[in-house]
Each structure stands twice: as structure tokens, then as C-alpha cells.
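See below for model12.txt, which holds compact mmCIF, C-alpha atoms and all ligand atoms.
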```
# COMPACT_ATOMS: atom_id res chain seq x y z
CA MET L 2 71.29 -120.92 -21.48
CA SER L 3 68.35 -118.71 -22.43
CA ASP L 4 68.83 -115.63 -24.60
CA TYR L 5 66.63 -113.68 -22.20
CA PRO L 6 67.74 -112.12 -18.91
CA SER L 7 64.56 -113.32 -17.19
CA ILE L 8 62.46 -116.47 -17.51
CA LEU L 9 59.33 -114.31 -17.06
CA LEU L 10 60.38 -112.20 -20.02
CA GLU L 11 60.99 -115.34 -22.06
CA ASN L 12 57.56 -116.75 -21.15
CA ALA L 13 55.81 -113.56 -22.19
CA VAL L 14 57.74 -113.42 -25.47
CA GLU L 15 56.74 -117.01 -26.17
CA GLN L 16 53.05 -116.13 -25.69
CA PHE L 17 53.18 -113.23 -28.12
CA ALA L 18 55.25 -115.26 -30.60
CA SER L 19 52.56 -117.95 -30.59
CA LEU L 20 50.24 -115.51 -32.42
CA PRO L 21 50.10 -115.83 -36.20
CA GLY L 22 52.41 -113.46 -38.06
CA ILE L 23 54.40 -112.48 -34.97
CA GLY L 24 58.04 -113.51 -34.82
CA ARG L 25 60.21 -113.47 -31.72
CA LYS L 26 61.66 -110.03 -32.45
CA THR L 27 58.23 -108.41 -32.73
CA ALA L 28 57.09 -110.40 -29.71
CA LEU L 29 59.98 -109.00 -27.66
CA ARG L 30 59.10 -105.46 -28.77
CA HIS L 31 55.49 -105.94 -27.59
CA VAL L 32 56.61 -107.38 -24.27
CA LEU L 33 59.05 -104.54 -23.62
CA ARG L 34 56.28 -102.07 -24.40
CA MET L 35 54.06 -103.86 -21.87
CA LEU L 36 56.78 -103.33 -19.27
CA ARG L 37 56.55 -99.60 -19.81
CA LEU L 38 52.82 -99.60 -19.08
CA SER L 39 51.42 -99.31 -15.57
CA GLU L 40 50.43 -102.53 -13.80
CA GLN L 41 46.81 -101.49 -14.11
CA GLU L 42 47.06 -100.97 -17.86
CA VAL L 43 48.53 -104.44 -18.32
CA GLU L 44 45.75 -105.87 -16.18
CA VAL L 45 43.12 -104.23 -18.40
CA PHE L 46 44.85 -105.73 -21.44
CA ALA L 47 45.11 -109.23 -19.98
CA ASN L 48 41.61 -109.19 -18.50
CA SER L 49 40.04 -108.20 -21.79
CA LEU L 50 41.43 -111.43 -23.27
CA VAL L 51 40.35 -113.58 -20.35
CA LYS L 52 36.87 -112.06 -20.43
CA LEU L 53 36.69 -112.49 -24.20
CA ARG L 54 37.53 -116.17 -23.94
CA LYS L 55 35.13 -116.75 -21.06
CA GLU L 56 32.11 -114.84 -22.27
CA VAL L 57 32.19 -114.84 -26.03
CA HIS L 58 30.78 -117.85 -27.78
CA TYR L 59 29.20 -118.78 -31.07
CA CYS L 60 25.69 -117.79 -32.09
CA ARG L 61 23.34 -120.77 -31.72
CA GLN L 62 21.86 -120.12 -35.14
CA CYS L 63 24.59 -118.83 -37.48
CA HIS L 64 27.83 -119.52 -35.50
CA ASN L 65 28.94 -115.92 -35.71
CA ILE L 66 30.68 -114.63 -32.58
CA THR L 67 28.43 -113.16 -29.92
CA ASP L 68 28.18 -112.67 -26.18
CA GLN L 69 24.53 -113.68 -26.20
CA GLU L 70 22.72 -116.80 -27.40
CA LEU L 71 21.90 -115.24 -30.74
CA CYS L 72 24.14 -112.71 -32.47
CA PRO L 73 22.81 -109.19 -33.19
CA ILE L 74 22.29 -110.07 -36.88
CA CYS L 75 20.13 -113.11 -36.11
CA GLN L 76 18.23 -111.09 -33.49
CA SER L 77 17.56 -108.13 -35.75
CA THR L 78 14.01 -107.68 -37.04
CA ARG L 79 15.31 -105.59 -39.94
CA ARG L 80 17.19 -108.37 -41.70
CA ASP L 81 15.75 -110.30 -44.63
CA ARG L 82 15.36 -113.80 -43.19
CA ARG L 83 14.80 -115.35 -46.61
CA LEU L 84 18.48 -114.89 -47.47
CA VAL L 85 21.35 -116.80 -45.89
CA CYS L 86 24.93 -116.11 -46.92
CA VAL L 87 27.31 -119.01 -46.25
CA VAL L 88 30.85 -117.92 -45.32
CA GLU L 89 34.03 -119.60 -44.16
CA ASN L 90 34.67 -117.61 -41.00
CA VAL L 91 33.70 -114.73 -38.75
CA GLN L 92 36.05 -112.28 -40.53
CA ASP L 93 34.05 -112.87 -43.71
CA VAL L 94 30.83 -111.84 -41.93
CA MET L 95 32.58 -108.61 -40.90
CA SER L 96 33.86 -108.01 -44.45
CA ILE L 97 30.40 -108.45 -45.96
CA GLU L 98 28.77 -106.33 -43.25
CA ASN L 99 31.27 -103.57 -44.02
CA THR L 100 30.07 -103.40 -47.61
CA GLY L 101 26.61 -102.32 -46.39
CA GLN L 102 25.19 -104.14 -49.43
CA TYR L 103 23.75 -107.21 -47.75
CA ASN L 104 20.72 -107.38 -45.50
CA GLY L 105 20.16 -111.10 -45.05
CA LEU L 106 21.40 -113.58 -42.46
CA TYR L 107 24.61 -115.63 -42.38
CA HIS L 108 25.84 -119.11 -41.73
CA VAL L 109 29.47 -119.46 -40.64
CA LEU L 110 30.91 -122.85 -41.61
CA GLY L 111 33.99 -122.54 -39.43
CA GLY L 112 36.31 -123.56 -42.29
CA ILE L 113 36.12 -125.17 -45.71
CA ILE L 114 36.55 -128.72 -46.89
CA SER L 115 40.27 -129.42 -47.27
CA PRO L 116 41.32 -133.07 -47.58
CA MET L 117 45.00 -131.98 -47.48
CA ASP L 118 44.46 -130.53 -44.00
CA GLY L 119 42.19 -133.37 -42.95
CA ILE L 120 39.11 -131.13 -42.78
CA GLY L 121 35.93 -132.87 -43.89
CA PRO L 122 32.25 -131.87 -43.83
CA ALA L 123 31.81 -133.34 -40.35
CA ASP L 124 34.30 -130.79 -38.98
CA LEU L 125 32.20 -127.91 -40.32
CA GLU L 126 28.75 -126.47 -39.54
CA VAL L 127 27.14 -128.23 -42.49
CA ASP L 128 24.52 -130.32 -40.72
CA SER L 129 23.33 -127.25 -38.82
CA LEU L 130 22.91 -125.41 -42.15
CA ILE L 131 20.72 -128.21 -43.55
CA GLU L 132 18.70 -128.21 -40.30
CA ARG L 133 18.16 -124.46 -40.67
CA LEU L 134 16.73 -124.99 -44.14
CA GLY L 135 14.06 -127.26 -42.71
CA ARG L 136 13.20 -124.84 -39.92
CA GLU L 137 13.54 -121.31 -41.27
CA PRO L 138 11.77 -119.61 -44.22
CA ILE L 139 14.98 -119.55 -46.31
CA GLU L 140 14.48 -118.94 -50.03
CA GLU L 141 18.05 -118.37 -51.15
CA ILE L 142 21.46 -119.62 -50.07
CA ILE L 143 24.33 -117.42 -51.20
CA LEU L 144 27.64 -119.27 -51.29
CA ALA L 145 30.38 -116.76 -50.46
CA LEU L 146 33.36 -119.04 -50.03
CA PRO L 147 36.88 -118.38 -51.32
CA THR L 148 37.38 -119.01 -55.04
CA THR L 149 40.01 -121.66 -54.43
CA MET L 150 39.86 -125.37 -55.15
CA GLU L 151 38.81 -125.98 -51.53
CA GLY L 152 36.13 -123.31 -51.83
CA ASP L 153 34.81 -124.89 -55.03
CA THR L 154 34.79 -128.35 -53.46
CA THR L 155 32.85 -127.00 -50.50
CA ASN L 156 30.38 -125.13 -52.76
CA PHE L 157 29.73 -128.30 -54.73
CA TYR L 158 29.32 -130.39 -51.58
CA LEU L 159 26.88 -127.89 -50.04
CA TYR L 160 24.89 -127.65 -53.27
CA ARG L 161 24.51 -131.44 -53.39
CA ARG L 162 23.51 -131.60 -49.72
CA ILE L 163 20.88 -128.89 -50.22
CA GLN L 164 19.43 -130.61 -53.29
CA ASN L 165 19.33 -133.99 -51.52
CA ALA L 166 17.98 -132.73 -48.21
CA GLY L 167 14.41 -133.71 -49.10
CA LEU L 168 13.05 -130.26 -48.31
CA ASP L 169 9.48 -129.20 -49.20
CA ASN L 170 10.88 -125.98 -50.65
CA THR L 171 14.44 -126.30 -51.85
CA PRO L 172 16.01 -122.83 -51.76
CA LYS L 173 17.68 -121.27 -54.76
CA VAL L 174 21.49 -121.49 -54.55
CA SER L 175 23.59 -118.59 -55.78
CA GLN L 176 27.23 -117.53 -55.54
CA LEU L 177 29.15 -114.29 -55.60
CA ALA L 178 29.68 -112.74 -59.03
CA ARG L 179 33.24 -113.42 -60.05
CA GLY L 180 34.39 -109.88 -59.43
CA VAL L 181 36.26 -111.37 -56.50
CA ALA L 182 39.66 -112.35 -57.86
CA ILE L 183 40.45 -116.04 -58.02
CA GLY L 184 42.17 -117.31 -54.93
CA ASN L 185 41.42 -114.16 -52.97
CA GLU L 186 40.02 -114.61 -49.57
CA LEU L 187 37.03 -112.39 -48.85
CA GLU L 188 38.93 -110.69 -46.05
CA TYR L 189 41.36 -109.17 -48.55
CA THR L 190 38.84 -108.15 -51.18
CA ASP L 191 38.00 -104.46 -51.24
CA GLU L 192 34.56 -103.45 -50.00
CA ILE L 193 33.27 -102.03 -53.26
CA THR L 194 34.18 -105.14 -55.26
CA LEU L 195 32.80 -107.43 -52.59
CA GLY L 196 29.59 -105.42 -52.24
CA ARG L 197 29.10 -105.46 -56.00
CA SER L 198 29.69 -109.20 -56.23
CA ILE L 199 26.93 -109.81 -53.66
CA VAL L 200 24.44 -107.51 -55.35
CA ASN L 201 25.26 -109.05 -58.75
CA ARG L 202 25.37 -112.63 -57.49
CA ILE L 203 24.71 -115.36 -60.02
CA ASP L 204 22.94 -118.73 -59.96
CA PHE L 205 25.18 -121.52 -58.77
CA LYS L 206 25.94 -123.91 -61.60
CA ILE L 207 27.82 -127.16 -61.33
ZN ZN L 301 23.69 -115.40 -35.54
```

In C-alpha cells, how does this file's structure come out?
Ligand SMILES: [Zn+2]
Amino acid sequence: MSDYPSILLENAVEQFASLPGIGRKTALRHVLRMLRLSEQEVEVFANSLVKLRKEVHYCRQCHNITDQELCPICQSTRRDRRLVCVVENVQDVMSIENTGQYNGLYHVLGGIISPMDGIGPADLEVDSLIERLGREPIEEIILALPTTMEGDTTNFYLYRRIQNAGLDNTPKVSQLARGVAIGNELEYTDEITLGRSIVNRIDFKI
């Protein structure tokens, strides 16, 4: 028999518990709170998720999240289009934007190479990065991936791909200054440290 007095309650708890970092106890608390809201308030909550899933997609150019074809950063005329910062995910774009220290464009890989998890270059937005290099006036690629073994592997792979892409003008490749602690994901690095490590970025060396 179920622990819950209603199958509907159990279903809702299961949905919340499917989110990362939310156990069944916390899930139950959220669901019970929902029950105290008006029907209309719950509808607003649920609809915002449905609308998000339906209308938000990935920027055609940098794979950031947007509700248009191109994200606001790619569309902006104020950004320095010679710089492209390569990051693992959309949260990293937000972290770097929050520093206010970077004015170039981005390229979101959608992950990093991780043989243990079965993630290879073909699963990531690598080809589209190389295509951008042939199409856009990019002079510098800033690798801003986590300083983990997977991050290093991905940096090395990208560097090789860029060097071997047969471009007329191979861009300079740089990486964040190592102010970002080893193993830290960008998301958890404080803004000042992150901002400084972009400003003081160093040449990428194998
Ligand atoms: Zn974009």
C-alpha cells in the first residue's frame, strides 16, 4: 500500500522528487504548500513551466537559452565579436555575465568530454564551434571550462581541433587565469575571482 493518502498526492510528490537535490520529504513539503495556494496560483506555476518548455530553445549561434532565434548576447551590437568564450553550460554564461568583466560572445558546449559518462565530442557543440571560426571574425577563443580532468581533456581536444581546422586565420586560444580553484565549477566560483580570471586570462599551453 502507498504511504500517501491519495494517488494524486503521490504523483505530485514523485514529480518534485525527480528534480535534482530534492528528496521525498522536501517534495512532500512543496506539494502540501501547493495545496494551500489558490487553483489560479497553481495554474500560473504549472503554465510557466509548460510555456518555458514549449517556447524556450537554444540560440542558433551560441546555444545559450533564448526565446528567439538568436540570444540577446549574440544579437547585441555592443559586444566584442572578436572574442568567444567557450563554456560548459548555460549557468556558466550567467556566472560570467554576472561578473560584468566580459564583453565578448559565448559558445555553450552543452557538457564536457567525459569517457566515464560516455560523453564524447560528437555529443557536444564542437563542430558548430569550428564552423563559427570559419564564418565569424573571431580572433580569440577563451576556454572557460572546469579545471577538472574532464575540463582539461576537453580544452586539449578543442585546442587541437582549432589548430587543425585549416582556417585562414587561426584564432589565439587562451584560458582563465588559475584564480579559479581546481575542481571548482564556474557556477560556484565567486564573481570577483571569476571576473579577475577572465581579465587576467593566459595563453593556452599544452
Ligand atoms: Zn547566442

Protein and nucleic acid residues within 8 Å of ligand ZN 301 (chain L) (all atoms listed in the file) as a PyMOL selection string: chain L and resi 59-67+71-76+106-108

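Distances from L:Gln92, L:Thr171, L:Asn99, L:Asn156 to L:Asp191 were compared using all atoms listed in the file, and the smallest one belongs to L:Asn99.
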
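Of the listed residues L:Leu168, L:Asp93, L:Gly22, L:Ile139, the one whose atoms come nearest to L:Glu192 is L:Asp93, with distances taken using only C-alpha atoms.
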
Residues near L:Arg161, cut-off 12 Å, all atoms listed in the file, skip fewer than 6 positions along chain, as a ChimeraX atom specification: /L:127,131,154-155,167,171,174,205-207

Would you mind exporting the chosen residues as a PDB file, keeping the file's coordinate frame, restricted to C-alpha atoms?
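Final output, again10.pdb:
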```pdb
ATOM      1  CA  VAL L 127      27.140-128.230 -42.490  1.00  0.00           C
ATOM      2  CA  ILE L 131      20.720-128.210 -43.550  1.00  0.00           C
ATOM      3  CA  THR L 154      34.790-128.350 -53.460  1.00  0.00           C
ATOM      4  CA  THR L 155      32.850-127.000 -50.500  1.00  0.00           C
ATOM      5  CA  GLY L 167      14.410-133.710 -49.100  1.00  0.00           C
ATOM      6  CA  THR L 171      14.440-126.300 -51.850  1.00  0.00           C
ATOM      7  CA  VAL L 174      21.490-121.490 -54.550  1.00  0.00           C
ATOM      8  CA  PHE L 205      25.180-121.520 -58.770  1.00  0.00           C
ATOM      9  CA  LYS L 206      25.940-123.910 -61.600  1.00  0.00           C
ATOM     10  CA  ILE L 207      27.820-127.160 -61.330  1.00  0.00           C
TER      11      ILE L 207
END
```

Closest of L:Asn12, L:Thr190, L:Ala145, L:Asn170 to L:Arg202 - atom-to-atom distances counting all atoms listed in the file: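 Between L:Asn12, L:Thr190, L:Ala145, L:Asn170, the residue approaching L:Arg202 most closely is L:Ala145.
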
One-decimal distance in Å that lies between atom CA of L:Lys55 and atom CA of L:Leu33: 27.0 Å

Top pick for closest residue to L:Tyr160, considering L:Ser7, L:Leu195, L:Val87, L:Ser19 and counting all atoms listed in the file: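 Distance minimum relative to L:Tyr160 lands on L:Val87.
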
Coordinates-based distance that separates atom CA of L:Thr194 from atom CA of L:Phe157 (Å, one decimal):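 According to the coordinates, atom CA of L:Phe157 and atom CA of L:Thr194 are separated by 23.6 Å.
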
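Candidate residues L:Gln41, L:Gly121, L:Val85, L:Gln102 were compared for distance to L:Arg133, and the nearest is L:Val85, using all atoms listed in the file.
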
Shortest interatomic distance to L:Met35 - which of L:Val57, L:Ile23, L:Glu132, L:Leu10, counting only C-alpha atoms: L:Leu10

Contact residues around L:Ser175 with all atoms listed in the file at 8 Å, ignoring same-chain residues under 2 positions, as number ranges by chain: L: 141-144, 173, 177, 202-205

Using C-alpha atoms, can you write the selected residues to a file as an mmCIF file, in the coordinates of the input?
```
data_model
loop_
_atom_site.group_PDB
_atom_site.id
_atom_site.type_symbol
_atom_site.label_atom_id
_atom_site.label_comp_id
_atom_site.auth_asym_id
_atom_site.auth_seq_id
_atom_site.Cartn_x
_atom_site.Cartn_y
_atom_site.Cartn_z
ATOM 1 C CA GLU L 141 18.050 -118.370 -51.150
ATOM 2 C CA ILE L 142 21.460 -119.620 -50.070
ATOM 3 C CA ILE L 143 24.330 -117.420 -51.200
ATOM 4 C CA LEU L 144 27.640 -119.270 -51.290
ATOM 5 C CA LYS L 173 17.680 -121.270 -54.760
ATOM 6 C CA LEU L 177 29.150 -114.290 -55.600
ATOM 7 C CA ARG L 202 25.370 -112.630 -57.490
ATOM 8 C CA ILE L 203 24.710 -115.360 -60.020
ATOM 9 C CA ASP L 204 22.940 -118.730 -59.960
ATOM 10 C CA PHE L 205 25.180 -121.520 -58.770
#
```

Gap from atom CA of L:Val14 to atom CA of L:Leu36 - Å, one decimal: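 Calculated distance between atom CA of L:Val14 and atom CA of L:Leu36 is 11.9 Å.
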
Provide an axis-aligned box for all listed atoms of stretch 85-98 of chain L, padding each side by 8 Å; report its centre and its edge lengths in Å to one decimal, as AutoDock Vina command-line options.
```
--center_x 28.7 --center_y -113.0 --center_z -42.8 --size_x 30.7 --size_y 29.3 --size_z 24.2
```

Protein, DNA and RNA residues within 10 Å of (26.0, -106.1, -45.8), only C-alpha atoms, as a ChimeraX atom specification: /L:80,94-106,192,195-196,199-200

With C-alpha atoms retained, export the selected residues as a PDB file, in the frame of the given file.
```pdb
ATOM      1  CA  ARG L  80      17.190-108.370 -41.700  1.00  0.00           C
ATOM      2  CA  VAL L  94      30.830-111.840 -41.930  1.00  0.00           C
ATOM      3  CA  MET L  95      32.580-108.610 -40.900  1.00  0.00           C
ATOM      4  CA  SER L  96      33.860-108.010 -44.450  1.00  0.00           C
ATOM      5  CA  ILE L  97      30.400-108.450 -45.960  1.00  0.00           C
ATOM      6  CA  GLU L  98      28.770-106.330 -43.250  1.00  0.00           C
ATOM      7  CA  ASN L  99      31.270-103.570 -44.020  1.00  0.00           C
ATOM      8  CA  THR L 100      30.070-103.400 -47.610  1.00  0.00           C
ATOM      9  CA  GLY L 101      26.610-102.320 -46.390  1.00  0.00           C
ATOM     10  CA  GLN L 102      25.190-104.140 -49.430  1.00  0.00           C
ATOM     11  CA  TYR L 103      23.750-107.210 -47.750  1.00  0.00           C
ATOM     12  CA  ASN L 104      20.720-107.380 -45.500  1.00  0.00           C
ATOM     13  CA  GLY L 105      20.160-111.100 -45.050  1.00  0.00           C
ATOM     14  CA  LEU L 106      21.400-113.580 -42.460  1.00  0.00           C
ATOM     15  CA  GLU L 192      34.560-103.450 -50.000  1.00  0.00           C
ATOM     16  CA  LEU L 195      32.800-107.430 -52.590  1.00  0.00           C
ATOM     17  CA  GLY L 196      29.590-105.420 -52.240  1.00  0.00           C
ATOM     18  CA  ILE L 199      26.930-109.810 -53.660  1.00  0.00           C
ATOM     19  CA  VAL L 200      24.440-107.510 -55.350  1.00  0.00           C
TER      20      VAL L 200
END
```

Kindly complete stretch 20-31 of chain L to all heavy atoms; the output should be written as a compact mmCIF listing (two decimals), keeping the file's coordinate frame.
```
# COMPACT_ATOMS: atom_id res chain seq x y z
N LEU L 20 51.28 -116.08 -31.57
CA LEU L 20 50.24 -115.51 -32.42
C LEU L 20 50.67 -115.57 -33.88
O LEU L 20 51.86 -115.43 -34.16
CB LEU L 20 49.97 -114.05 -32.01
CG LEU L 20 49.46 -113.84 -30.59
CD1 LEU L 20 49.44 -112.35 -30.26
CD2 LEU L 20 48.07 -114.43 -30.41
N PRO L 21 49.71 -115.75 -34.79
CA PRO L 21 50.10 -115.83 -36.20
C PRO L 21 50.72 -114.53 -36.69
O PRO L 21 50.26 -113.45 -36.32
CB PRO L 21 48.77 -116.12 -36.93
CG PRO L 21 47.70 -115.82 -35.95
CD PRO L 21 48.28 -115.93 -34.58
N GLY L 22 51.78 -114.63 -37.45
CA GLY L 22 52.41 -113.46 -38.06
C GLY L 22 53.33 -112.69 -37.13
O GLY L 22 53.82 -111.63 -37.47
N ILE L 23 53.52 -113.19 -35.91
CA ILE L 23 54.40 -112.48 -34.97
C ILE L 23 55.64 -113.33 -34.68
O ILE L 23 55.54 -114.41 -34.11
CB ILE L 23 53.64 -112.13 -33.66
CG1 ILE L 23 52.49 -111.17 -33.99
CG2 ILE L 23 54.60 -111.52 -32.63
CD1 ILE L 23 51.92 -110.43 -32.84
N GLY L 24 56.79 -112.81 -35.09
CA GLY L 24 58.04 -113.51 -34.82
C GLY L 24 58.58 -113.12 -33.45
O GLY L 24 58.00 -112.28 -32.76
N ARG L 25 59.69 -113.71 -33.07
CA ARG L 25 60.21 -113.47 -31.72
C ARG L 25 60.68 -112.03 -31.52
O ARG L 25 60.55 -111.48 -30.43
CB ARG L 25 61.35 -114.45 -31.42
CG ARG L 25 60.87 -115.90 -31.37
CD ARG L 25 61.96 -116.84 -30.89
NE ARG L 25 62.11 -116.82 -29.44
CZ ARG L 25 61.33 -117.49 -28.59
NH1 ARG L 25 60.35 -118.23 -29.05
NH2 ARG L 25 61.53 -117.44 -27.29
N LYS L 26 61.20 -111.42 -32.57
CA LYS L 26 61.66 -110.03 -32.45
C LYS L 26 60.50 -109.09 -32.15
O LYS L 26 60.57 -108.26 -31.24
CB LYS L 26 62.32 -109.58 -33.76
CG LYS L 26 63.80 -109.50 -33.70
CD LYS L 26 64.31 -108.86 -34.98
CE LYS L 26 65.81 -108.85 -35.00
NZ LYS L 26 66.31 -108.53 -36.34
N THR L 27 59.43 -109.24 -32.94
CA THR L 27 58.23 -108.41 -32.73
C THR L 27 57.64 -108.72 -31.37
O THR L 27 57.21 -107.81 -30.65
CB THR L 27 57.19 -108.70 -33.84
OG1 THR L 27 57.85 -108.60 -35.09
CG2 THR L 27 56.03 -107.75 -33.78
N ALA L 28 57.64 -109.99 -31.00
CA ALA L 28 57.09 -110.40 -29.71
C ALA L 28 57.84 -109.68 -28.58
O ALA L 28 57.23 -109.13 -27.65
CB ALA L 28 57.19 -111.91 -29.55
N LEU L 29 59.16 -109.66 -28.69
CA LEU L 29 59.98 -109.00 -27.66
C LEU L 29 59.64 -107.51 -27.59
O LEU L 29 59.53 -106.95 -26.49
CB LEU L 29 61.47 -109.20 -27.98
CG LEU L 29 62.45 -108.53 -27.02
CD1 LEU L 29 62.29 -109.08 -25.59
CD2 LEU L 29 63.90 -108.73 -27.48
N ARG L 30 59.43 -106.89 -28.76
CA ARG L 30 59.10 -105.46 -28.77
C ARG L 30 57.78 -105.21 -28.02
O ARG L 30 57.65 -104.29 -27.23
CB ARG L 30 58.99 -104.97 -30.22
CG ARG L 30 59.31 -103.50 -30.35
CD ARG L 30 59.51 -103.09 -31.79
NE ARG L 30 58.31 -103.27 -32.58
CZ ARG L 30 58.29 -103.87 -33.78
NH1 ARG L 30 59.38 -104.35 -34.30
NH2 ARG L 30 57.15 -103.98 -34.44
N HIS L 31 56.78 -106.08 -28.27
CA HIS L 31 55.49 -105.94 -27.59
C HIS L 31 55.64 -106.12 -26.08
O HIS L 31 55.06 -105.39 -25.28
CB HIS L 31 54.49 -106.98 -28.10
CG HIS L 31 53.93 -106.65 -29.45
ND1 HIS L 31 53.34 -105.44 -29.73
CD2 HIS L 31 53.86 -107.37 -30.60
CE1 HIS L 31 52.94 -105.44 -31.00
NE2 HIS L 31 53.25 -106.59 -31.54
```
